[in-house]
Amino acid sequence: MIGYVLNGEHEEIPFGELMALLEIFNYNGSVERLKRYVITEDSPAKDVVKRSGYIDEGHRIIFRYNLEEKDINLIDEITNDFINSFKEFIKNKDYPDIDGSKSFAVRVLKLHKDEFTKSIDSLKIEREIGGIIKLKTNAKVNLTKPDILVRVVILENTFFISNVLEMRDREYFQKNRPHLRKYFHPGCMLPKLARAMVNLARVKEGNVVLDPFCGTGGFLIEAGLIGAKLIGCDIDWRMASGTLINLEEYNLLDKVIKVKRLDAKYVKEFLNELNIEKVDAIVTDPPYGISTAKKGEIEKILEILPEVVKENGYFVFAYPKKIELDMKLEGLYKVYIHKGLIRHIHVYKKI
C-alpha cells in the first residue's frame with residue numbers, strides 16, 4: 001500500500017492534484033482518503049510526489065493500527081497497545097527497505113490536531129518503534145541524515161508506520177518564487193499553485209500547452225519543466241518579452257513553439273499561423289484589477305477559448321468568480337488571497 005501526505009495549505013486542491021497525477025500516471029486502483037492522508041494500492045509514489053505542488057510525501061505503508069477507542073485518559077494504554085501490536089506484526093516478517101547496510105530514523109507526523117493527538121508522546125513512539133526496527137534489521141540509527149526515514153503517521157482514529165519513498169522538493173518552490181526570477185511583475189502566482197494547476201490540467205510530456213494571458217510565464221515554466229511544448233501570448237509586450245527572458249533562464253526555449261504580444265481574443269488566428277488547430281491544455285490566470293468593461297471582455301475571451309482545446313483536453317484557469325463554460329466542470333477550488341480577492345480555480349474538461 002502507498003500513502004500520500006497532502007499539504008495543509010489548502011483543503012481540497014492537494015487531493016484534486018493527487019487524483020489528477022494518479023490519472024496522468026495511469027493508476028486505476030482504489031483510493032481511500034483520511035483527510036490529509038490518502039491510501040492507494042501500488043501507485044507510483046516517487047513520480048507523483050516529484051511532479052506535485054501540494055503532495056508533501058509518498059510512503060510505503062508497512063503497518064496500520066485502528067483505534068478501537070479514543071479516550072485521553074487511556075492514552076498511555078493506547079500508545080503501548082499500538083507499539084506492542086506493531087512488535088507482534090513484524091515478529092515473523094522482514095522489515096522492508098532496511099537492512100544492516102542502511103541507516104534509519106523514526107519520526108512522528110501528526111496530521112490531526114485535537115487534545116488526544118497532542119497528548120500522544122511522540123518521543124516515546126519514536127524511541128520504541130526505532131528499537132523494534134533496529135532489533136529486527138540490525139541497521140544503524142542516524143537521526144540527521146538517514147538512508148530511510150520511517151514515518152509514524154497519526155490521524156484521528158488511525159496510526160500508520162510507513163517508509164518515506166519521496167518528499168516534495170520544497171527548496172525548488174522557495175528558490176523559484178516569482179520575485180527571484182530575472183523578469184518580475186507584482187501579482188504573479190506562486191510556483192506551487194502554478195504547478196498544481198498544470199497538474200490539474202493533466203499535462204503530459206509532449207503535450208501542447210497554451211497560456212493566452214502569460215504574464216511573466218509562470219505556467220509555461222511549470223509546463224515546460226514537465227516536458228510540454230509551449231505557446232504563450234499577452235497583450236502587454238513587456239510581459240511577452242519577460243516570459244521569454246524567464247523561459248531562457250530555465251533553459252526552456254527549446255520547448256517554446258511561440259510566445260508573442262497578442263490580444264487573447266485573437267488566439268484562434270494565432271494558432272492558425274502556427275498550423276495548430278487545437279491544443280492539449282490551456283492553463284492561465286487572466287488579469288483581475290481592471291475596469292468592468294475590460295472584465296466583460298475577458299469573460300467573453302474565456303467563453304471562446306474552449307474552441308481551441310482538443311477533445312478530452314483541459315482548460316484550467318483562475319478568476320475572481322465562478323465562470324460557466326460549455327465544458328464539463330471537473331473541479332472548482334477557492335483560494336483566499338486577501339479580503340477583497342478569492343481566486344476560483346476552475347478545472348474544465350472538453351467532452
# chains A, B, ... in the order shown; residues from 1 in each chain; ligands from 1

call {"tool": "residues_around", "arguments": {"residues": "A:Val141", "least_positions_apart": "6", "cutoff": "8 Å", "atoms": "only C-alpha atoms", "output": "NGL selection string"}}
result
:A and (103-105 or 130 or 134)

call {"tool": "write_last_selection", "arguments": {"atoms": "N, CA and C atoms", "output": "PDB file, in the first residue's frame"}}
result
ATOM      1  N   SER A 103      21.035   3.041   7.216  1.00  0.00           N
ATOM      2  CA  SER A 103      20.661   3.718   8.455  1.00  0.00           C
ATOM      3  C   SER A 103      19.213   4.175   8.361  1.00  0.00           C
ATOM      4  N   PHE A 104      18.622   4.444   9.506  1.00  0.00           N
ATOM      5  CA  PHE A 104      17.230   4.877   9.521  1.00  0.00           C
ATOM      6  C   PHE A 104      16.973   5.792  10.708  1.00  0.00           C
ATOM      7  N   ALA A 105      15.839   6.483  10.646  1.00  0.00           N
ATOM      8  CA  ALA A 105      15.342   7.271  11.768  1.00  0.00           C
ATOM      9  C   ALA A 105      13.833   7.168  11.762  1.00  0.00           C
ATOM     10  N   GLY A 130      11.614   2.662  16.890  1.00  0.00           N
ATOM     11  CA  GLY A 130      13.006   2.587  16.424  1.00  0.00           C
ATOM     12  C   GLY A 130      13.733   1.401  17.012  1.00  0.00           C
ATOM     13  N   LYS A 134      15.375  -1.595  14.845  1.00  0.00           N
ATOM     14  CA  LYS A 134      16.817  -1.833  14.993  1.00  0.00           C
ATOM     15  C   LYS A 134      17.089  -3.281  15.369  1.00  0.00           C
TER      16      LYS A 134
END

call {"tool": "select_by_dssp", "arguments": {"residues": "stretch 103-309 of chain A", "states": "alpha helix (DSSP H)", "output": "PyMOL selection string"}}
result
chain A and resi 115-119+122-137+170-175+191-200+218-226+237-249+267-273+292-304

call {"tool": "residues_around", "arguments": {"residues": "A:Lys102", "least_positions_apart": "2", "cutoff": "9 Å", "atoms": "only C-alpha atoms", "output": "ChimeraX atom specification"}}
result
/A:97-100,104,139-141,146-148

call {"tool": "write_last_selection", "arguments": {"atoms": "N, CA, C and O atoms", "output": "PDB file, in the first residue's frame"}}
result
ATOM      1  N   ASP A  97      12.885  -2.600   3.069  1.00  0.00           N
ATOM      2  CA  ASP A  97      13.774  -1.493   2.668  1.00  0.00           C
ATOM      3  C   ASP A  97      14.956  -1.253   3.606  1.00  0.00           C
ATOM      4  O   ASP A  97      15.882  -0.519   3.259  1.00  0.00           O
ATOM      5  N   ILE A  98      14.953  -1.824   4.803  1.00  0.00           N
ATOM      6  CA  ILE A  98      16.019  -1.555   5.774  1.00  0.00           C
ATOM      7  C   ILE A  98      16.750  -2.844   6.100  1.00  0.00           C
ATOM      8  O   ILE A  98      16.148  -3.872   6.389  1.00  0.00           O
ATOM      9  N   ASP A  99      18.091  -2.763   6.035  1.00  0.00           N
ATOM     10  CA  ASP A  99      18.930  -3.896   6.463  1.00  0.00           C
ATOM     11  C   ASP A  99      20.156  -3.331   7.166  1.00  0.00           C
ATOM     12  O   ASP A  99      20.266  -2.117   7.382  1.00  0.00           O
ATOM     13  N   GLY A 100      21.089  -4.203   7.496  1.00  0.00           N
ATOM     14  CA  GLY A 100      22.266  -3.795   8.264  1.00  0.00           C
ATOM     15  C   GLY A 100      23.168  -2.816   7.556  1.00  0.00           C
ATOM     16  O   GLY A 100      23.994  -2.148   8.193  1.00  0.00           O
ATOM     17  N   PHE A 104      18.622   4.444   9.506  1.00  0.00           N
ATOM     18  CA  PHE A 104      17.230   4.877   9.521  1.00  0.00           C
ATOM     19  C   PHE A 104      16.973   5.792  10.708  1.00  0.00           C
ATOM     20  O   PHE A 104      17.779   5.888  11.639  1.00  0.00           O
ATOM     21  N   ALA A 139      20.109  -2.435  11.679  1.00  0.00           N
ATOM     22  CA  ALA A 139      20.503  -1.208  10.985  1.00  0.00           C
ATOM     23  C   ALA A 139      20.902  -0.140  11.996  1.00  0.00           C
ATOM     24  O   ALA A 139      20.470  -0.158  13.153  1.00  0.00           O
ATOM     25  N   LYS A 140      21.707   0.801  11.538  1.00  0.00           N
ATOM     26  CA  LYS A 140      22.146   1.889  12.409  1.00  0.00           C
ATOM     27  C   LYS A 140      21.103   3.011  12.427  1.00  0.00           C
ATOM     28  O   LYS A 140      20.439   3.280  11.429  1.00  0.00           O
ATOM     29  N   VAL A 141      21.008   3.663  13.562  1.00  0.00           N
ATOM     30  CA  VAL A 141      20.147   4.824  13.686  1.00  0.00           C
ATOM     31  C   VAL A 141      20.954   6.072  13.335  1.00  0.00           C
ATOM     32  O   VAL A 141      22.051   6.274  13.848  1.00  0.00           O
ATOM     33  N   PRO A 146      19.342  10.003   7.646  1.00  0.00           N
ATOM     34  CA  PRO A 146      19.163   8.556   7.497  1.00  0.00           C
ATOM     35  C   PRO A 146      18.968   8.138   6.045  1.00  0.00           C
ATOM     36  O   PRO A 146      18.485   8.932   5.226  1.00  0.00           O
ATOM     37  N   ASP A 147      19.335   6.913   5.743  1.00  0.00           N
ATOM     38  CA  ASP A 147      19.043   6.366   4.410  1.00  0.00           C
ATOM     39  C   ASP A 147      17.542   6.179   4.224  1.00  0.00           C
ATOM     40  O   ASP A 147      17.010   6.412   3.133  1.00  0.00           O
ATOM     41  N   ILE A 148      16.878   5.739   5.279  1.00  0.00           N
ATOM     42  CA  ILE A 148      15.428   5.519   5.242  1.00  0.00           C
ATOM     43  C   ILE A 148      14.785   6.274   6.400  1.00  0.00           C
ATOM     44  O   ILE A 148      15.186   6.116   7.553  1.00  0.00           O
TER      45      ILE A 148
END

call {"tool": "select_by_dssp", "arguments": {"residues": "stretch 5-34 of chain A", "states": "strand (DSSP E)", "output": "number ranges by chain"}}
result
A: 5-6, 31-34

call {"tool": "residues_around", "arguments": {"residues": "A:Met167", "least_positions_apart": "6", "cutoff": "7 Å", "atoms": "only C-alpha atoms", "output": "PyMOL selection string"}}
result
chain A and resi 49+56-58

call {"tool": "write_last_selection", "arguments": {"atoms": "N, CA, C and O atoms", "output": "short mmCIF file (atom, residue, chain, number, x, y, z; two decimals), in the first residue's frame"}}
result
data_model
loop_
_atom_site.label_atom_id
_atom_site.label_comp_id
_atom_site.auth_asym_id
_atom_site.auth_seq_id
_atom_site.Cartn_x
_atom_site.Cartn_y
_atom_site.Cartn_z
N VAL A 49 4.94 12.38 -6.38
CA VAL A 49 5.40 13.43 -5.46
C VAL A 49 6.39 14.37 -6.14
O VAL A 49 6.35 15.59 -5.93
N ASP A 56 3.08 16.41 -0.06
CA ASP A 56 4.32 16.57 0.69
C ASP A 56 5.19 15.33 0.69
O ASP A 56 6.42 15.43 0.60
N GLU A 57 4.59 14.16 0.82
CA GLU A 57 5.37 12.92 0.93
C GLU A 57 4.61 11.75 0.32
O GLU A 57 3.37 11.73 0.32
N GLY A 58 5.38 10.77 -0.17
CA GLY A 58 4.82 9.49 -0.59
C GLY A 58 5.45 8.39 0.24
O GLY A 58 6.67 8.37 0.43
#

call {"tool": "closest_residue", "arguments": {"among": "A:Asn251, A:Val316, A:Tyr333, A:Asp263", "to": "A:Phe15", "atoms": "only C-alpha atoms"}}
result
A:Tyr333
